[in-house]
Structure formats: C-alpha cells, structure tokens
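Chemist: The structure's right below; bear with me while I get my questions together.
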Amino acid sequence: MLLVIDVGNTNTVLGVFARRAEDSDDSSDGAPRYGQLVANWRVGSHLARTVDEYGVIFRNLFSMENLEVSAVHGIVISSVVPPLDAVLRQVCERYFKTKPLFIEPGVKTGMPVLYENPAEVGADRIVNAVAAFEKYGGPCVIVDFGTATTFDCVSKKGEYMGGVICPGIGISADALFQRTARLPRVEIRKPPRVIGSNTVGSLQAGLYYGYLGLVDGILERLRDEMGEQTQVVATGGLGALIGTASHFIKDVDEFLTLEGLRIIWERNLPLSSKSGKVAAKPVVDTKPWPSPKSPKGR
C-alpha cells in the first residue's frame with residue numbers, strides 16, 4: 001500500500017492507495033502501481049503534537065479501517081507547514097518503518113514551472129497542478145479551497161504558469177466575527193435566499209454569495225487570459241460548497257491532491273525490491289522546481 005499525506009495549515013489529509021486487480025502486475029519499469037484509494041482521513045495540523053501522538057493517531061486510523069501498518073511500502077508527503085516536517089518524518093520511520101518522500105525542489109514532477117522564483121511555489125499547488133493536467137488535460141485552472149484559496153493555472157502544454165492566492169472563506173469569516181462585537185459566529189453554508197430576513201441569514205448570504213462572486217470574478221478574468229476552452233476544477237475542504245454553484249467550475253474533485261501525490265511518487269520511485277519494499281530515496285538535485293529551460297520537467 002501507498003500512504004499519501006497532505007499537510008495544510010489547518011488540516012492534514014491522509015490517503016491510502018492499494019493495488020487494483022489491473023495493478024497486480026508491476027509495470028515494465030519495475031515500479032508497483034497503486035490505483036485504488038481505499039481509505040482517507042482528515043485530522044488537525046497541530047504543531048504541539050509529538051511524534052508519538054501523531055504515530056498513535058495514524059495507527060488508530062489504520063486500525064479503524066482494518067488496514068495493516070506493515071503493508072505500507074511507500075509514503076509521500078506534501079507539506080506547507082515546515083515545523084511539522086521533522087515530526088512527520090520521524091513518525092514514518094518509527095511507526096511505518098519507511099522513509100517518506102517529501103515533495104520539494106529537486107523532486108521529479110514532470111511539469112515545468114514558469115514562476116519567477118519556482119522555489120516559492122507551495123508543494124500542494126504543484127501536486128494539484130500535476131494531478132489536474134494528468135486527469136483533465138490543459139489548459140486548466142485548479143481552485144483549492146483551503147485555509148487560503150488558491151487558483152493555479154496550467155498551460156495547454158502542461159506548464160505550471162502561476163496563479164492567484166486569496167484569503168480563504170474561513171479566514172474572511174473569522175476576521176468579520178473578531179472585529180464586530182454584536183455579530184454572532186455562524187455556520188458557513190448556502191442560505192435559501194440572498195436577502196437575509198435576520199442577522200444569521202444576512203451573514204450567511206454575505207459570506208457565501210460574496211465569496212462565490214470573488215471566485216467567479218477571478219475565474220472570469222483567468223479565462224480571458226487563458227482562453228474559454230480552459231477547464232476549471234475545484235478541490236479542498238469547501239470545494240463542493242462553493243464549486244457546485246460557480247458558473248465556471250465544472251468538476252469538483254475531492255481527492256485531487258491525494259491523486260497528485262500518488263502520481264509524483266510513481267514518477268520518483270521506479271524501482272522495487274523483491275520484497276515489494278520501494279526505495280524511498282528520490283533522485284534529488286540542487287535546483288528548484290523545473291524551469292522553462294527544462295521542457296520535460298524534473
């Protein structure tokens with residue numbers, strides 16, 4: 001099995017991929033293929049948790065799904081919370097007996113990055129871009145509704161072009177509640193109508209339709225630059241809530257990031273031993289994410 005971990009500022013999402021019937025025979029390059037997502041979980045990203053606390057949580061999640069920790073033959077991690085990297089590395093080595101592959105500059109993604117400073121691009125954004133281009137083709141835009149909402153653009157040729165970063169709807173709501181003494185904290189959801197007949201309804205309408213307008217406004221301008229044939233896919237915790245009402249978002253892919261981690265893992269670890277254990281050391285160089293001079297990516 002393959003364990004994939006996406007570490008965000010608010011939540012950490014885990015997924016376990018197993019081999020499908022058609023994946024039973026390894027590919028010609030010797031790499032095992034794990035095409036079936038058999039379990040996924042979402043836990044809080046807490047800096048105060050120790051290695052053992054995370055280890056117990058992860059093992060308990062496996063136990064709840066009747067999955068064997070010893071069956072994990074590879075681990076890949078995307079993280080935007082650097083203080084947790086060392087903790088999770090120890091969790092993988094201590095509790096799963098496997099060295100994890102971190103998505104970082106030097107790891108092969110197969111996607112050139114056109115950012116002015118490619119090293120600035122968050123690992124999760126690259127992972128989403130790789131998965132979206134693999135599944136939907138290009139040009140495409142990925143809207144990831146997380147702590148921040150990101151819009152990531154991929155060209156028709158499969159190049160990461162850059163994008164847009166906005167405060168997430170949760171951050172916007174928190175700022176409103178913290179700075180207004182008389183407004184109550186409300187659940188973020190789609191209200192039955194735009195005109196609110198009470199304070200709660202008015203707040204929900206403002207948060208939901210205001211944010212929907214922000215998303216569609218940005219997407220309209222991105223499509224003007226990239227072309228009307230651009231496909232738009234949403235992911236992230238609130239992807240379904242906002243994405244299903246958008247004029248431009250056609251697909252909501254809850255597990256896009258997990259799929260991207262699986263794809264990049266396969267591109268970096270082509271060799272397996274007779275025991276099925278996969279060499280967990282990627283070929284890493286000192287360069288940042290692939291640049292326009294590297295058309296095949298890294």
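In the structure tokens, chains take letters A, B, ... by order of appearance, with residues numbered from 1 within each chain and ligands from 1 in the order shown.
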For the contact check between region 59-122 of chain A and region 236-260 of chain A, emit one row per residue of region 59-122 of chain A within 12 Å, containing the shortest atom pair and the distance in Å rounded to one decimal, counting only C-alpha atoms, chain then rising number order, as JSON lines.

Modeler:
{"residue": "A:Ile75", "atom": "CA", "partner": "A:Leu258", "partner_atom": "CA", "distance": 11.6}
{"residue": "A:Val76", "atom": "CA", "partner": "A:Leu258", "partner_atom": "CA", "distance": 9.7}
{"residue": "A:Ile77", "atom": "CA", "partner": "A:Leu258", "partner_atom": "CA", "distance": 9.7}
{"residue": "A:Ser78", "atom": "CA", "partner": "A:Thr257", "partner_atom": "CA", "distance": 9.0}
{"residue": "A:Ser79", "atom": "CA", "partner": "A:Thr257", "partner_atom": "CA", "distance": 11.5}
{"residue": "A:Ile103", "atom": "CA", "partner": "A:Gly260", "partner_atom": "CA", "distance": 10.6}
{"residue": "A:Thr109", "atom": "CA", "partner": "A:Gly260", "partner_atom": "CA", "distance": 9.5}
{"residue": "A:Gly110", "atom": "CA", "partner": "A:Gly260", "partner_atom": "CA", "distance": 11.5}
{"residue": "A:Met111", "atom": "CA", "partner": "A:Gly260", "partner_atom": "CA", "distance": 11.9}

Chemist: For those residues, write N, CA, C and O atoms to a file as a PDB file, in the first residue's frame.

Modeler:
ATOM      1  N   ILE A  75       5.645   6.048   1.291  1.00  0.00           N
ATOM      2  CA  ILE A  75       4.966   7.202   1.873  1.00  0.00           C
ATOM      3  C   ILE A  75       5.441   8.453   1.141  1.00  0.00           C
ATOM      4  O   ILE A  75       6.641   8.638   0.922  1.00  0.00           O
ATOM      5  N   VAL A  76       4.500   9.304   0.756  1.00  0.00           N
ATOM      6  CA  VAL A  76       4.849  10.574   0.119  1.00  0.00           C
ATOM      7  C   VAL A  76       4.095  11.688   0.827  1.00  0.00           C
ATOM      8  O   VAL A  76       2.918  11.526   1.183  1.00  0.00           O
ATOM      9  N   ILE A  77       4.771  12.817   1.051  1.00  0.00           N
ATOM     10  CA  ILE A  77       4.213  13.898   1.864  1.00  0.00           C
ATOM     11  C   ILE A  77       4.347  15.228   1.129  1.00  0.00           C
ATOM     12  O   ILE A  77       5.413  15.575   0.618  1.00  0.00           O
ATOM     13  N   SER A  78       3.260  15.975   1.103  1.00  0.00           N
ATOM     14  CA  SER A  78       3.264  17.366   0.670  1.00  0.00           C
ATOM     15  C   SER A  78       2.961  18.218   1.889  1.00  0.00           C
ATOM     16  O   SER A  78       1.951  17.986   2.571  1.00  0.00           O
ATOM     17  N   SER A  79       3.814  19.199   2.177  1.00  0.00           N
ATOM     18  CA  SER A  79       3.634  19.978   3.399  1.00  0.00           C
ATOM     19  C   SER A  79       3.868  21.466   3.144  1.00  0.00           C
ATOM     20  O   SER A  79       4.810  21.846   2.463  1.00  0.00           O
ATOM     21  N   ILE A 103       7.610  16.205  -1.110  1.00  0.00           N
ATOM     22  CA  ILE A 103       7.533  16.962  -2.348  1.00  0.00           C
ATOM     23  C   ILE A 103       8.237  18.295  -2.122  1.00  0.00           C
ATOM     24  O   ILE A 103       7.763  19.149  -1.379  1.00  0.00           O
ATOM     25  N   THR A 109       8.602  16.043 -11.014  1.00  0.00           N
ATOM     26  CA  THR A 109       7.155  16.245 -11.115  1.00  0.00           C
ATOM     27  C   THR A 109       6.648  16.027 -12.536  1.00  0.00           C
ATOM     28  O   THR A 109       5.460  15.779 -12.737  1.00  0.00           O
ATOM     29  N   GLY A 110       7.518  16.156 -13.527  1.00  0.00           N
ATOM     30  CA  GLY A 110       7.090  16.069 -14.917  1.00  0.00           C
ATOM     31  C   GLY A 110       6.435  17.336 -15.415  1.00  0.00           C
ATOM     32  O   GLY A 110       5.874  17.352 -16.502  1.00  0.00           O
ATOM     33  N   MET A 111       6.496  18.420 -14.625  1.00  0.00           N
ATOM     34  CA  MET A 111       5.828  19.670 -15.006  1.00  0.00           C
ATOM     35  C   MET A 111       6.784  20.850 -14.869  1.00  0.00           C
ATOM     36  O   MET A 111       7.211  21.182 -13.750  1.00  0.00           O
TER      37      MET A 111
END

Chemist: When you look at region 81-90 of chain A with a cut-off of 9 Å (counting only C-alpha atoms), what residues show up, excluding the ones that are within fewer than 2 positions of it in the same chain? I need them as a list in words.

Modeler: Val7, Gly8, Asn9, Ser45, His46, Leu47, Arg49, Thr50, Val51, Tyr54, Gly55, Ile77, Ser79, Cys92, Glu93, Arg94, Tyr95, Lys99, Pro100 and Phe102 of chain A

Chemist: Could you tell me, as a ChimeraX atom specification, which residues of region 30-66 of chain A DSSP assigns to strand (DSSP E or B) when given the backbone?

Modeler: /A:36-44

Chemist: Since we have the selection now, will you write its residues out, keeping all heavy atoms, as a PDB file, in the first residue's frame?

Modeler:
ATOM      1  N   GLN A  36      -6.001   2.401  -6.453  1.00  0.00           N
ATOM      2  CA  GLN A  36      -7.292   2.427  -5.758  1.00  0.00           C
ATOM      3  C   GLN A  36      -7.160   3.096  -4.402  1.00  0.00           C
ATOM      4  O   GLN A  36      -6.411   2.624  -3.539  1.00  0.00           O
ATOM      5  CB  GLN A  36      -7.823   1.006  -5.585  1.00  0.00           C
ATOM      6  CG  GLN A  36      -9.181   0.950  -4.887  1.00  0.00           C
ATOM      7  CD  GLN A  36      -9.680  -0.468  -4.695  1.00  0.00           C
ATOM      8  OE1 GLN A  36      -8.968  -1.418  -5.003  1.00  0.00           O
ATOM      9  NE2 GLN A  36     -10.890  -0.615  -4.194  1.00  0.00           N
ATOM     10  N   LEU A  37      -7.903   4.183  -4.205  1.00  0.00           N
ATOM     11  CA  LEU A  37      -7.931   4.861  -2.914  1.00  0.00           C
ATOM     12  C   LEU A  37      -8.880   4.095  -1.997  1.00  0.00           C
ATOM     13  O   LEU A  37     -10.090   4.086  -2.213  1.00  0.00           O
ATOM     14  CB  LEU A  37      -8.388   6.311  -3.075  1.00  0.00           C
ATOM     15  CG  LEU A  37      -8.413   7.162  -1.809  1.00  0.00           C
ATOM     16  CD1 LEU A  37      -7.012   7.359  -1.250  1.00  0.00           C
ATOM     17  CD2 LEU A  37      -9.054   8.528  -2.100  1.00  0.00           C
ATOM     18  N   VAL A  38      -8.339   3.439  -0.967  1.00  0.00           N
ATOM     19  CA  VAL A  38      -9.155   2.573  -0.114  1.00  0.00           C
ATOM     20  C   VAL A  38      -9.555   3.232   1.200  1.00  0.00           C
ATOM     21  O   VAL A  38     -10.474   2.757   1.876  1.00  0.00           O
ATOM     22  CB  VAL A  38      -8.418   1.247   0.173  1.00  0.00           C
ATOM     23  CG1 VAL A  38      -8.223   0.464  -1.110  1.00  0.00           C
ATOM     24  CG2 VAL A  38      -7.066   1.493   0.859  1.00  0.00           C
ATOM     25  N   ALA A  39      -8.872   4.318   1.578  1.00  0.00           N
ATOM     26  CA  ALA A  39      -9.230   4.998   2.828  1.00  0.00           C
ATOM     27  C   ALA A  39      -8.669   6.408   2.795  1.00  0.00           C
ATOM     28  O   ALA A  39      -7.649   6.673   2.155  1.00  0.00           O
ATOM     29  CB  ALA A  39      -8.681   4.242   4.038  1.00  0.00           C
ATOM     30  N   ASN A  40      -9.353   7.312   3.479  1.00  0.00           N
ATOM     31  CA  ASN A  40      -8.846   8.680   3.610  1.00  0.00           C
ATOM     32  C   ASN A  40      -9.364   9.278   4.903  1.00  0.00           C
ATOM     33  O   ASN A  40     -10.464   8.946   5.355  1.00  0.00           O
ATOM     34  CB  ASN A  40      -9.233   9.529   2.399  1.00  0.00           C
ATOM     35  CG  ASN A  40     -10.722   9.788   2.311  1.00  0.00           C
ATOM     36  OD1 ASN A  40     -11.238  10.792   2.801  1.00  0.00           O
ATOM     37  ND2 ASN A  40     -11.455   8.851   1.685  1.00  0.00           N
ATOM     38  N   TRP A  41      -8.570  10.162   5.489  1.00  0.00           N
ATOM     39  CA  TRP A  41      -8.936  10.781   6.757  1.00  0.00           C
ATOM     40  C   TRP A  41      -8.473  12.236   6.766  1.00  0.00           C
ATOM     41  O   TRP A  41      -7.561  12.623   6.025  1.00  0.00           O
ATOM     42  CB  TRP A  41      -8.281  10.063   7.940  1.00  0.00           C
ATOM     43  CG  TRP A  41      -8.460   8.577   7.953  1.00  0.00           C
ATOM     44  CD1 TRP A  41      -9.542   7.867   8.377  1.00  0.00           C
ATOM     45  CD2 TRP A  41      -7.503   7.588   7.511  1.00  0.00           C
ATOM     46  NE1 TRP A  41      -9.323   6.516   8.241  1.00  0.00           N
ATOM     47  CE2 TRP A  41      -8.086   6.311   7.720  1.00  0.00           C
ATOM     48  CE3 TRP A  41      -6.214   7.651   6.990  1.00  0.00           C
ATOM     49  CZ2 TRP A  41      -7.424   5.128   7.408  1.00  0.00           C
ATOM     50  CZ3 TRP A  41      -5.549   6.477   6.659  1.00  0.00           C
ATOM     51  CH2 TRP A  41      -6.153   5.234   6.876  1.00  0.00           C
ATOM     52  N   ARG A  42      -9.075  13.019   7.643  1.00  0.00           N
ATOM     53  CA  ARG A  42      -8.712  14.420   7.833  1.00  0.00           C
ATOM     54  C   ARG A  42      -8.520  14.665   9.331  1.00  0.00           C
ATOM     55  O   ARG A  42      -9.441  14.431  10.125  1.00  0.00           O
ATOM     56  CB  ARG A  42      -9.805  15.346   7.275  1.00  0.00           C
ATOM     57  CG  ARG A  42      -9.487  16.832   7.341  1.00  0.00           C
ATOM     58  CD  ARG A  42     -10.662  17.632   6.770  1.00  0.00           C
ATOM     59  NE  ARG A  42     -10.854  17.346   5.360  1.00  0.00           N
ATOM     60  CZ  ARG A  42     -10.323  18.062   4.370  1.00  0.00           C
ATOM     61  NH1 ARG A  42      -9.563  19.107   4.659  1.00  0.00           N
ATOM     62  NH2 ARG A  42     -10.558  17.739   3.109  1.00  0.00           N
ATOM     63  N   VAL A  43      -7.324  15.107   9.715  1.00  0.00           N
ATOM     64  CA  VAL A  43      -7.035  15.404  11.115  1.00  0.00           C
ATOM     65  C   VAL A  43      -6.481  16.823  11.201  1.00  0.00           C
ATOM     66  O   VAL A  43      -6.046  17.395  10.205  1.00  0.00           O
ATOM     67  CB  VAL A  43      -6.024  14.398  11.714  1.00  0.00           C
ATOM     68  CG1 VAL A  43      -6.572  12.983  11.660  1.00  0.00           C
ATOM     69  CG2 VAL A  43      -4.678  14.472  11.002  1.00  0.00           C
ATOM     70  N   GLY A  44      -6.492  17.386  12.409  1.00  0.00           N
ATOM     71  CA  GLY A  44      -5.974  18.737  12.600  1.00  0.00           C
ATOM     72  C   GLY A  44      -4.463  18.780  12.510  1.00  0.00           C
ATOM     73  O   GLY A  44      -3.769  17.853  12.922  1.00  0.00           O
TER      74      GLY A  44
END

Chemist: Give the answer as one residue: which of A:Glu187, A:Ala234, A:Lys156, A:Glu104 has the shortest atom-to-atom distance to Ala205 (chain A), using only C-alpha atoms?

Modeler: A:Glu187

Chemist: Going by DSSP on the backbone, which bits of region 121-295 of chain A are alpha helix (DSSP H)? Write them as a count of residues only, please.

Modeler: 71

Chemist: Rank A:Ile218, A:Val69, A:Leu61, A:Leu114 by their smallest atom-to-atom distance to Lys157 (chain A), using only C-alpha atoms, and report the top residue only.

Modeler: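 Looking only at the distances to Lys157 (chain A), the closest residue turns out to be A:Leu114.
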
Chemist: Could you give me, as a VMD selection string, the residues within 9 Å of Phe58 (chain A), counting only C-alpha atoms and dropping anything in the same chain fewer than 4 positions from it?

Modeler: chain A and resid 14 53 to 54 62 to 63 91 95

Chemist: Ranking A:Asp144, A:Glu220, A:Glu134, A:Asp124 by minimum distance to Thr235 (chain A) and counting only C-alpha atoms, which one comes first?

Modeler: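 Of A:Asp144, A:Glu220, A:Glu134, A:Asp124, the one nearest Thr235 (chain A) is A:Asp144, counting only C-alpha atoms.
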
Chemist: Choose the residue, out of A:Ser172, A:Asn11, A:Thr199, A:Ser155, that has the smallest atom-to-atom separation from Pro112 (chain A); count only C-alpha atoms.

Modeler: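 Using only C-alpha atoms, Pro112 (chain A) sits closest to A:Ser155.
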
Chemist: In Å to one decimal, how far is CA of Asn117 (chain A) from CA of Ile142 (chain A)?

Modeler: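 Between CA of Ile142 (chain A) and CA of Asn117 (chain A) the gap is 20.1 Å.
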
Chemist: I want to know what sits within 12 Å of Gly206 (chain A), based on only C-alpha atoms, with residues of the same chain fewer than 3 positions away left out; could you give that as a ChimeraX atom specification?

Modeler: /A:169,172-173,176,186,188-191,193-196,199-203,209-214

Chemist: Using only C-alpha atoms, determine which residues lie at most 8 Å from Gly168 (chain A), disregarding the query and same-chain residues fewer than 4 positions distant; provide the list as a short mmCIF file (atom, residue, chain, number, x, y, z; two decimals) with C-alpha atoms, in the first residue's frame.

Modeler:
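New file part35.cif:
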data_model
loop_
_atom_site.label_atom_id
_atom_site.label_comp_id
_atom_site.auth_asym_id
_atom_site.auth_seq_id
_atom_site.Cartn_x
_atom_site.Cartn_y
_atom_site.Cartn_z
CA PHE A 145 -10.48 25.86 -1.11
CA GLY A 146 -8.24 25.56 1.94
CA THR A 147 -7.08 27.95 4.66
CA ALA A 148 -6.17 30.13 1.70
CA THR A 149 -7.97 29.77 -1.62
CA SER A 172 -12.74 36.02 5.98
#

Chemist: Could you please determine the separation between CA of Cys166 (chain A) and CA of Gly227 (chain A) in Å, to one decimal place?

Modeler: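 One can read the CA of Cys166 (chain A) to CA of Gly227 (chain A) distance as 22.0 Å.
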
Chemist: Quote the spacing between CA of Val16 (chain A) and CA of Val4 (chain A) in Å to one decimal place.

Modeler: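 Interatomic distance here is 6.3 Å.
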
Chemist: From the set A:Tyr136, A:Phe96, A:Tyr160, A:Phe151, which residue has the shortest atom-to-atom contact distance to Gln229 (chain A), counting only C-alpha atoms?

Modeler: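 Of A:Tyr136, A:Phe96, A:Tyr160, A:Phe151, the one nearest Gln229 (chain A) is A:Tyr136, counting only C-alpha atoms.
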